[in-house]
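Only one structure is covered here, and it is reproduced in the block below.
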Amino acid sequence: MTPQTGHPAPGVEAVTTQGTDSDERAVRRKVAAATTIGNFVEWFDSGAYAIMSATIAGLFFPQYDKTAALLATWAVFAGGFIARPIGAAFFGRYGDRIGRNRMLALSVLCMSGATLLIGVLPSYATLGIAAPVLLFLLRAVQGFSTGGEYTGASAFIMEYAPEGRRARYASVVALTVGLASVAGALTGLVITSTLSESALESWGWRIPFLLAGPLGLIGLYLRSRIDDTPVFRAMERRDVVQDAPLRGAWRACRRQILTLFGYSITNAVSYYLMSSYMIAYMSEEVGYTKSQAMLTSVIAMLAYSVACPVMAAASDRFGRKPMLLAACVGFAVTTLPAFWLIGRGLGGAIAGTAVLAVLVSVIGTSNVPAMVEMFPAQLRASGSAIGYTAAYVLFGGTAPFVATGLVSLAGTPLAPGFYLMALAAVSAVVVLCSFRETLHLPLNRTTVLER
């Protein structure tokens with residue numbers, strides 16, 4: 001494969017989705033709906049687990065030590081990420097060889113089934129040690145599915161998006177994450193506010209997980225009725241589909257993979273600190289009630305959701321690199337003040353988490369289009385899955401566990417803030433020194449772009 005610099009290889013068929021025809025707009029609406037519902041199911045799970053983390057700790061682990069039980073709960077949460085590299089390899093290869101839409105249909109089926117089974121899983125009191133083991137295995141199935149979902153959904157919707165509006169279309173992927181977290185947090189807020197402690201522990205905690213079943217069937221139906229992307233169909237016509245896209249991506253796109261990993265670590269840690277960890281952090285470490293912590297989480301995720309389309313429009317106007325760099329610098333400068341505010345009363349907690357939420361929207365809405373644009377079409381699902389998933393496995397999935405441990409070791413609730421600031425500084429250097437602007441790169445190219 002001969003490196004090129006910015007234009008499709010000779011003989012490559014031009015593929016575009018740009019136009020104003022009503023049929024074309026209708027197809028894009030269907031694509032957005034299929035992407036949204038499937039991605040919603042994937043991320044509602046993480047929100048449900050985080051919301052019920054303290055309850056799960058009491059039901060699935062021996063209560064010799066409260067902190068140890070919570071750490072074990074977060075360890076199982078992180079364990080779900082262990083299977084993500086396997087899922088990324090499987091779904092990335094599947095998406096580059098068989099098609100984007102088939103990959104997404106399979107991923108939502110795996111996720112919704114595993115989440116539903118968590119909802120009917122007996123506790124430690126019934127099964128003993130088998131209960132946390134089964135919980136870990138089901139989390140692994142969820143992680144396997146998630147390994148290909150986010151990057152696959154990003155490629156799917158981006159390859160349908162009109163030129164000049166890619167980030168705005170792709171923002172539904174990041175936006176859905178926020179909406180799923182809001183729905184999960186609201187579900188948890190209603191459950192914990194209306195049920196007694198005994199009812200919550202006996203059956204109430206299962207409700208968010210059981211909802212995944214019907215949602216997954218809706219996602220599967222919608223995704224099975226959408227044609228594959230124009231870019232993938234063109235690849236099939238040109239017979240450039242790769243037999244071994246994983247190996248090809250690592251050989252040809254190693255710099256892009258490492259660059260994606262380098263700035264995605266901040267995206268991963270900031271998101272999971274804000275969404276999954278913050279509820280337990282506020283209730284267990286800072287002293288807020290569960291209802292106050294969940295209310296704060298709902299407001300933060302609403303701020304994130306509102307900011308996503310705004311920041312995506314800015315990314316389409318100013319480019320991916322300036323937005324990624326602004327987010328990393330923002331985290332490096334404002335994270336510590338935000339964590340300080342979180343400990344200064346409910347108003348301060350809302351303000352502090354909202355600041356973090358807006359910064360997560362800045363990095364997330366540029367990360368999605370950038371990781372799709374930086375890879376050639378025939379290696380896109382595999383290359384983006386490797387770099388993005390590695391960051392989420394090593395840093396995102398471990399973020400709540402590391403944060404809980406840092407607070408215990410350092411003896412200060414500000415410890416997670418220092419951790420995020422350090423990672424943001426590293427990501428800023430990666431973006432500044434290694435990231436090449438991808439805003440105007442053609443998505444149908446089959447060439448690898450060098451720096």
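Starting from 1 in every chain, residues are counted up; chains themselves are A, B, ... following the order of the structure tokens, and ligands are numbered from 1 as listed.
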
So that each row is one residue of stretch 248-345 of chain A with an atom at most 9 Å from stretch 399-403 of chain A, can you give its shortest atom pair and the distance in Å to one decimal, using only C-alpha atoms, rows by chain and rising number, as CSV?
```
residue,atom,partner,partner_atom,distance
A:Ala268,CA,A:Ala399,CA,8.2
A:Val269,CA,A:Ala399,CA,5.6
A:Ser270,CA,A:Ala399,CA,8.5
A:Tyr272,CA,A:Ala399,CA,6.5
A:Leu273,CA,A:Pro400,CA,6.3
A:Ser276,CA,A:Pro400,CA,7.2
A:Tyr277,CA,A:Pro400,CA,5.1
A:Met278,CA,A:Pro400,CA,8.5
A:Tyr281,CA,A:Ala403,CA,8.8
```

Which of stretch 70-313 of chain A end up as helix (DSSP H, G or I) when DSSP is run on this backbone - answer as a PDB file with C-alpha atoms, in the first residue's frame?
```pdb
ATOM      1  CA  LEU A  70     -16.987  -1.220  46.717  1.00  0.00           C
ATOM      2  CA  LEU A  71     -13.515  -1.792  45.248  1.00  0.00           C
ATOM      3  CA  ALA A  72     -14.569  -5.316  44.300  1.00  0.00           C
ATOM      4  CA  THR A  73     -17.668  -3.899  42.590  1.00  0.00           C
ATOM      5  CA  TRP A  74     -15.522  -1.517  40.559  1.00  0.00           C
ATOM      6  CA  ALA A  75     -13.101  -4.366  39.827  1.00  0.00           C
ATOM      7  CA  VAL A  76     -15.991  -6.307  38.260  1.00  0.00           C
ATOM      8  CA  PHE A  77     -16.922  -3.128  36.369  1.00  0.00           C
ATOM      9  CA  ALA A  78     -13.328  -2.930  35.080  1.00  0.00           C
ATOM     10  CA  GLY A  79     -13.446  -6.651  34.370  1.00  0.00           C
ATOM     11  CA  ARG A  84     -13.224  -5.385  25.073  1.00  0.00           C
ATOM     12  CA  PRO A  85      -9.988  -6.041  23.131  1.00  0.00           C
ATOM     13  CA  ILE A  86     -11.387  -9.414  22.035  1.00  0.00           C
ATOM     14  CA  GLY A  87     -14.639  -7.735  21.050  1.00  0.00           C
ATOM     15  CA  ALA A  88     -12.778  -4.933  19.276  1.00  0.00           C
ATOM     16  CA  ALA A  89     -10.741  -7.471  17.305  1.00  0.00           C
ATOM     17  CA  PHE A  90     -13.812  -9.536  16.445  1.00  0.00           C
ATOM     18  CA  PHE A  91     -16.213  -6.716  15.590  1.00  0.00           C
ATOM     19  CA  GLY A  92     -13.551  -4.572  13.924  1.00  0.00           C
ATOM     20  CA  ARG A  93     -12.581  -7.429  11.612  1.00  0.00           C
ATOM     21  CA  TYR A  94     -16.246  -8.295  11.109  1.00  0.00           C
ATOM     22  CA  GLY A  95     -17.129  -4.708  10.235  1.00  0.00           C
ATOM     23  CA  ASP A  96     -14.291  -4.335   7.715  1.00  0.00           C
ATOM     24  CA  ARG A  97     -14.921  -7.735   6.084  1.00  0.00           C
ATOM     25  CA  ARG A 100     -20.918  -2.174   9.316  1.00  0.00           C
ATOM     26  CA  ASN A 101     -24.648  -2.835   9.753  1.00  0.00           C
ATOM     27  CA  ARG A 102     -24.303  -6.583  10.411  1.00  0.00           C
ATOM     28  CA  MET A 103     -21.619  -5.891  12.991  1.00  0.00           C
ATOM     29  CA  LEU A 104     -23.882  -3.443  14.833  1.00  0.00           C
ATOM     30  CA  ALA A 105     -26.880  -5.795  14.796  1.00  0.00           C
ATOM     31  CA  LEU A 106     -24.822  -8.547  16.422  1.00  0.00           C
ATOM     32  CA  SER A 107     -23.287  -6.223  19.029  1.00  0.00           C
ATOM     33  CA  VAL A 108     -26.638  -4.920  20.291  1.00  0.00           C
ATOM     34  CA  LEU A 109     -27.979  -8.469  20.547  1.00  0.00           C
ATOM     35  CA  CYS A 110     -25.025  -9.547  22.719  1.00  0.00           C
ATOM     36  CA  MET A 111     -25.243  -6.490  24.957  1.00  0.00           C
ATOM     37  CA  SER A 112     -28.977  -6.551  25.609  1.00  0.00           C
ATOM     38  CA  GLY A 113     -28.947 -10.289  26.349  1.00  0.00           C
ATOM     39  CA  ALA A 114     -26.108 -10.046  28.882  1.00  0.00           C
ATOM     40  CA  THR A 115     -27.646  -7.011  30.587  1.00  0.00           C
ATOM     41  CA  LEU A 116     -31.007  -8.763  30.876  1.00  0.00           C
ATOM     42  CA  LEU A 117     -29.321 -11.763  32.532  1.00  0.00           C
ATOM     43  CA  ILE A 118     -27.670  -9.493  35.120  1.00  0.00           C
ATOM     44  CA  GLY A 119     -31.176  -8.361  36.019  1.00  0.00           C
ATOM     45  CA  TYR A 124     -24.252 -13.748  47.065  1.00  0.00           C
ATOM     46  CA  ALA A 125     -26.691 -14.815  49.771  1.00  0.00           C
ATOM     47  CA  THR A 126     -28.231 -17.341  47.346  1.00  0.00           C
ATOM     48  CA  LEU A 127     -25.313 -18.520  45.198  1.00  0.00           C
ATOM     49  CA  ALA A 130     -20.784 -18.140  42.144  1.00  0.00           C
ATOM     50  CA  ALA A 131     -22.758 -14.869  42.203  1.00  0.00           C
ATOM     51  CA  PRO A 132     -19.810 -12.452  41.724  1.00  0.00           C
ATOM     52  CA  VAL A 133     -18.206 -14.936  39.284  1.00  0.00           C
ATOM     53  CA  LEU A 134     -21.334 -14.956  37.097  1.00  0.00           C
ATOM     54  CA  LEU A 135     -21.594 -11.179  37.411  1.00  0.00           C
ATOM     55  CA  PHE A 136     -18.019 -10.920  36.165  1.00  0.00           C
ATOM     56  CA  LEU A 137     -18.716 -13.250  33.209  1.00  0.00           C
ATOM     57  CA  LEU A 138     -21.819 -11.322  32.156  1.00  0.00           C
ATOM     58  CA  ARG A 139     -19.869  -8.081  32.407  1.00  0.00           C
ATOM     59  CA  ALA A 140     -17.285  -9.717  30.145  1.00  0.00           C
ATOM     60  CA  VAL A 141     -19.967 -10.461  27.532  1.00  0.00           C
ATOM     61  CA  GLN A 142     -21.078  -6.838  27.748  1.00  0.00           C
ATOM     62  CA  GLY A 143     -17.477  -5.713  27.342  1.00  0.00           C
ATOM     63  CA  PHE A 144     -17.065  -7.991  24.326  1.00  0.00           C
ATOM     64  CA  SER A 145     -20.065  -6.336  22.698  1.00  0.00           C
ATOM     65  CA  THR A 146     -19.016  -2.785  23.583  1.00  0.00           C
ATOM     66  CA  GLY A 147     -15.583  -3.445  22.056  1.00  0.00           C
ATOM     67  CA  GLY A 148     -17.034  -2.892  18.615  1.00  0.00           C
ATOM     68  CA  GLU A 149     -20.175  -0.824  19.256  1.00  0.00           C
ATOM     69  CA  TYR A 150     -18.957   2.735  19.733  1.00  0.00           C
ATOM     70  CA  THR A 151     -16.357   2.739  16.949  1.00  0.00           C
ATOM     71  CA  GLY A 152     -18.640   0.724  14.648  1.00  0.00           C
ATOM     72  CA  ALA A 153     -21.561   3.083  15.200  1.00  0.00           C
ATOM     73  CA  SER A 154     -19.257   6.041  14.592  1.00  0.00           C
ATOM     74  CA  ALA A 155     -18.056   4.665  11.257  1.00  0.00           C
ATOM     75  CA  PHE A 156     -21.604   3.716  10.275  1.00  0.00           C
ATOM     76  CA  ILE A 157     -23.171   7.127  10.712  1.00  0.00           C
ATOM     77  CA  MET A 158     -20.109   9.055   9.493  1.00  0.00           C
ATOM     78  CA  ARG A 166     -19.771  14.998   9.739  1.00  0.00           C
ATOM     79  CA  ALA A 167     -19.240  15.925  13.389  1.00  0.00           C
ATOM     80  CA  ARG A 168     -22.822  17.132  13.733  1.00  0.00           C
ATOM     81  CA  TYR A 169     -24.162  13.834  12.407  1.00  0.00           C
ATOM     82  CA  ALA A 170     -21.647  11.822  14.423  1.00  0.00           C
ATOM     83  CA  SER A 171     -22.546  13.771  17.558  1.00  0.00           C
ATOM     84  CA  VAL A 172     -25.622  11.555  17.937  1.00  0.00           C
ATOM     85  CA  VAL A 173     -23.194   8.809  19.009  1.00  0.00           C
ATOM     86  CA  ALA A 174     -21.766  10.948  21.811  1.00  0.00           C
ATOM     87  CA  LEU A 175     -25.190  12.489  22.529  1.00  0.00           C
ATOM     88  CA  THR A 176     -26.739   9.056  22.940  1.00  0.00           C
ATOM     89  CA  VAL A 177     -24.157   8.258  25.597  1.00  0.00           C
ATOM     90  CA  GLY A 178     -25.352  11.284  27.550  1.00  0.00           C
ATOM     91  CA  LEU A 179     -29.040  10.523  27.053  1.00  0.00           C
ATOM     92  CA  ALA A 180     -28.535   6.908  28.130  1.00  0.00           C
ATOM     93  CA  SER A 181     -26.719   8.080  31.249  1.00  0.00           C
ATOM     94  CA  VAL A 182     -29.497  10.575  32.014  1.00  0.00           C
ATOM     95  CA  ALA A 183     -32.126   7.875  31.553  1.00  0.00           C
ATOM     96  CA  GLY A 184     -30.153   5.534  33.775  1.00  0.00           C
ATOM     97  CA  ALA A 185     -29.621   8.161  36.443  1.00  0.00           C
ATOM     98  CA  LEU A 186     -33.300   9.184  36.390  1.00  0.00           C
ATOM     99  CA  THR A 187     -34.303   5.540  36.659  1.00  0.00           C
ATOM    100  CA  GLY A 188     -31.990   5.141  39.632  1.00  0.00           C
ATOM    101  CA  LEU A 189     -33.245   8.371  41.190  1.00  0.00           C
ATOM    102  CA  VAL A 190     -36.885   7.269  40.949  1.00  0.00           C
ATOM    103  CA  ILE A 191     -36.102   3.785  42.256  1.00  0.00           C
ATOM    104  CA  THR A 192     -34.030   4.909  45.236  1.00  0.00           C
ATOM    105  CA  SER A 193     -36.439   7.728  46.097  1.00  0.00           C
ATOM    106  CA  THR A 194     -39.614   5.647  46.026  1.00  0.00           C
ATOM    107  CA  GLU A 197     -34.029  -0.116  51.349  1.00  0.00           C
ATOM    108  CA  SER A 198     -35.318  -3.670  51.609  1.00  0.00           C
ATOM    109  CA  ALA A 199     -37.334  -3.393  48.391  1.00  0.00           C
ATOM    110  CA  LEU A 200     -34.357  -1.849  46.592  1.00  0.00           C
ATOM    111  CA  GLU A 201     -32.091  -4.715  47.642  1.00  0.00           C
ATOM    112  CA  SER A 202     -34.597  -7.485  46.943  1.00  0.00           C
ATOM    113  CA  GLY A 204     -35.645  -2.724  42.784  1.00  0.00           C
ATOM    114  CA  TRP A 205     -32.000  -2.717  41.691  1.00  0.00           C
ATOM    115  CA  ARG A 206     -32.868  -5.167  38.888  1.00  0.00           C
ATOM    116  CA  ILE A 207     -35.226  -2.798  37.032  1.00  0.00           C
ATOM    117  CA  PRO A 208     -32.611  -0.874  34.961  1.00  0.00           C
ATOM    118  CA  PHE A 209     -31.042  -4.132  33.772  1.00  0.00           C
ATOM    119  CA  LEU A 210     -34.354  -5.745  32.823  1.00  0.00           C
ATOM    120  CA  ALA A 212     -32.356  -3.719  28.275  1.00  0.00           C
ATOM    121  CA  GLY A 213     -34.317  -6.652  26.837  1.00  0.00           C
ATOM    122  CA  PRO A 214     -37.062  -4.800  24.939  1.00  0.00           C
ATOM    123  CA  LEU A 215     -34.727  -1.929  24.044  1.00  0.00           C
ATOM    124  CA  GLY A 216     -32.280  -4.396  22.505  1.00  0.00           C
ATOM    125  CA  LEU A 217     -34.998  -5.954  20.345  1.00  0.00           C
ATOM    126  CA  ILE A 218     -35.953  -2.509  19.028  1.00  0.00           C
ATOM    127  CA  GLY A 219     -32.311  -1.775  18.208  1.00  0.00           C
ATOM    128  CA  LEU A 220     -31.885  -5.109  16.449  1.00  0.00           C
ATOM    129  CA  TYR A 221     -35.013  -4.514  14.350  1.00  0.00           C
ATOM    130  CA  LEU A 222     -33.942  -1.035  13.267  1.00  0.00           C
ATOM    131  CA  ARG A 223     -30.377  -2.030  12.439  1.00  0.00           C
ATOM    132  CA  SER A 224     -31.432  -5.071  10.416  1.00  0.00           C
ATOM    133  CA  PRO A 230     -22.242   3.834   0.666  1.00  0.00           C
ATOM    134  CA  VAL A 231     -18.517   3.644   1.479  1.00  0.00           C
ATOM    135  CA  PHE A 232     -18.606  -0.073   2.325  1.00  0.00           C
ATOM    136  CA  ARG A 233     -20.790  -0.930  -0.670  1.00  0.00           C
ATOM    137  CA  ALA A 234     -18.327   0.907  -2.913  1.00  0.00           C
ATOM    138  CA  MET A 235     -15.467  -1.059  -1.334  1.00  0.00           C
ATOM    139  CA  GLU A 236     -17.268  -4.287  -2.215  1.00  0.00           C
ATOM    140  CA  ARG A 237     -17.793  -3.152  -5.819  1.00  0.00           C
ATOM    141  CA  ARG A 238     -14.106  -2.214  -6.139  1.00  0.00           C
ATOM    142  CA  PRO A 245      -7.923  -5.931   8.339  1.00  0.00           C
ATOM    143  CA  LEU A 246      -6.594  -6.158  11.911  1.00  0.00           C
ATOM    144  CA  ARG A 247      -3.106  -7.083  10.796  1.00  0.00           C
ATOM    145  CA  GLY A 248      -3.293  -4.575   7.968  1.00  0.00           C
ATOM    146  CA  ALA A 249      -4.391  -1.767  10.306  1.00  0.00           C
ATOM    147  CA  TRP A 250      -1.543  -2.371  12.755  1.00  0.00           C
ATOM    148  CA  ARG A 251       1.052  -2.536   9.970  1.00  0.00           C
ATOM    149  CA  ALA A 252      -0.149   0.428   7.930  1.00  0.00           C
ATOM    150  CA  ARG A 254       0.339   2.246  13.682  1.00  0.00           C
ATOM    151  CA  ARG A 255       0.946   5.977  14.133  1.00  0.00           C
ATOM    152  CA  GLN A 256      -2.767   6.745  13.841  1.00  0.00           C
ATOM    153  CA  ILE A 257      -3.644   3.976  16.325  1.00  0.00           C
ATOM    154  CA  LEU A 258      -1.124   5.211  18.891  1.00  0.00           C
ATOM    155  CA  THR A 259      -2.253   8.814  18.414  1.00  0.00           C
ATOM    156  CA  LEU A 260      -5.882   7.829  18.922  1.00  0.00           C
ATOM    157  CA  PHE A 261      -4.893   5.934  22.067  1.00  0.00           C
ATOM    158  CA  GLY A 262      -2.884   8.890  23.352  1.00  0.00           C
ATOM    159  CA  TYR A 263      -5.747  11.374  23.437  1.00  0.00           C
ATOM    160  CA  SER A 264      -8.557   8.864  24.045  1.00  0.00           C
ATOM    161  CA  ILE A 265      -7.177   8.078  27.513  1.00  0.00           C
ATOM    162  CA  THR A 266      -8.376  11.495  28.661  1.00  0.00           C
ATOM    163  CA  ASN A 267     -11.741  10.993  26.945  1.00  0.00           C
ATOM    164  CA  ALA A 268     -12.102   7.606  28.663  1.00  0.00           C
ATOM    165  CA  VAL A 269     -11.114   8.620  32.187  1.00  0.00           C
ATOM    166  CA  SER A 270     -13.030  11.903  32.171  1.00  0.00           C
ATOM    167  CA  TYR A 271     -16.230  10.232  30.984  1.00  0.00           C
ATOM    168  CA  TYR A 272     -16.131   7.402  33.509  1.00  0.00           C
ATOM    169  CA  LEU A 273     -15.161   9.679  36.375  1.00  0.00           C
ATOM    170  CA  MET A 274     -18.039  11.997  35.511  1.00  0.00           C
ATOM    171  CA  SER A 275     -20.693   9.355  34.881  1.00  0.00           C
ATOM    172  CA  SER A 276     -19.907   6.034  36.533  1.00  0.00           C
ATOM    173  CA  TYR A 277     -17.726   7.064  39.462  1.00  0.00           C
ATOM    174  CA  MET A 278     -19.220  10.377  40.523  1.00  0.00           C
ATOM    175  CA  ILE A 279     -22.404   8.979  42.099  1.00  0.00           C
ATOM    176  CA  ALA A 280     -20.488   6.614  44.380  1.00  0.00           C
ATOM    177  CA  TYR A 281     -17.816   9.269  44.989  1.00  0.00           C
ATOM    178  CA  MET A 282     -20.321  11.884  46.161  1.00  0.00           C
ATOM    179  CA  SER A 283     -22.269   9.472  48.379  1.00  0.00           C
ATOM    180  CA  GLU A 284     -19.366   7.441  49.787  1.00  0.00           C
ATOM    181  CA  GLU A 285     -16.459   9.900  49.896  1.00  0.00           C
ATOM    182  CA  VAL A 286     -17.958  13.403  50.102  1.00  0.00           C
ATOM    183  CA  LYS A 290     -27.736   8.984  47.163  1.00  0.00           C
ATOM    184  CA  SER A 291     -30.594  11.124  45.878  1.00  0.00           C
ATOM    185  CA  GLN A 292     -28.429  14.258  45.877  1.00  0.00           C
ATOM    186  CA  ALA A 293     -25.623  12.410  44.097  1.00  0.00           C
ATOM    187  CA  MET A 294     -27.988  11.085  41.421  1.00  0.00           C
ATOM    188  CA  LEU A 295     -29.638  14.477  40.948  1.00  0.00           C
ATOM    189  CA  THR A 296     -26.195  16.012  40.408  1.00  0.00           C
ATOM    190  CA  SER A 297     -25.357  13.268  37.911  1.00  0.00           C
ATOM    191  CA  VAL A 298     -28.578  13.885  35.988  1.00  0.00           C
ATOM    192  CA  ILE A 299     -27.859  17.626  35.720  1.00  0.00           C
ATOM    193  CA  ALA A 300     -24.252  16.969  34.651  1.00  0.00           C
ATOM    194  CA  MET A 301     -25.294  14.558  31.918  1.00  0.00           C
ATOM    195  CA  LEU A 302     -27.982  16.969  30.727  1.00  0.00           C
ATOM    196  CA  ALA A 303     -25.286  19.651  30.461  1.00  0.00           C
ATOM    197  CA  TYR A 304     -23.169  17.186  28.489  1.00  0.00           C
ATOM    198  CA  SER A 305     -26.083  16.316  26.179  1.00  0.00           C
ATOM    199  CA  VAL A 306     -26.954  19.966  25.509  1.00  0.00           C
ATOM    200  CA  ALA A 307     -23.309  20.795  24.811  1.00  0.00           C
ATOM    201  CA  CYS A 308     -22.724  17.914  22.352  1.00  0.00           C
ATOM    202  CA  PRO A 309     -24.401  19.394  19.231  1.00  0.00           C
ATOM    203  CA  VAL A 310     -22.894  22.815  19.974  1.00  0.00           C
ATOM    204  CA  MET A 311     -19.366  21.432  20.283  1.00  0.00           C
ATOM    205  CA  ALA A 312     -19.876  19.231  17.207  1.00  0.00           C
ATOM    206  CA  ALA A 313     -20.801  22.295  15.155  1.00  0.00           C
TER     207      ALA A 313
END
```

Shortest interatomic distance to A:Ala327 - which of A:Ala391, A:Val368, A:Ala424, A:Ile342, counting only C-alpha atoms: A:Ala424

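Note that the spacing between atom CA of A:Leu325 and atom CA of A:Glu373 amounts to 17.2 Å.
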
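One finds atom CA of A:Val241 at 28.8 Å from atom CA of A:Gly364.
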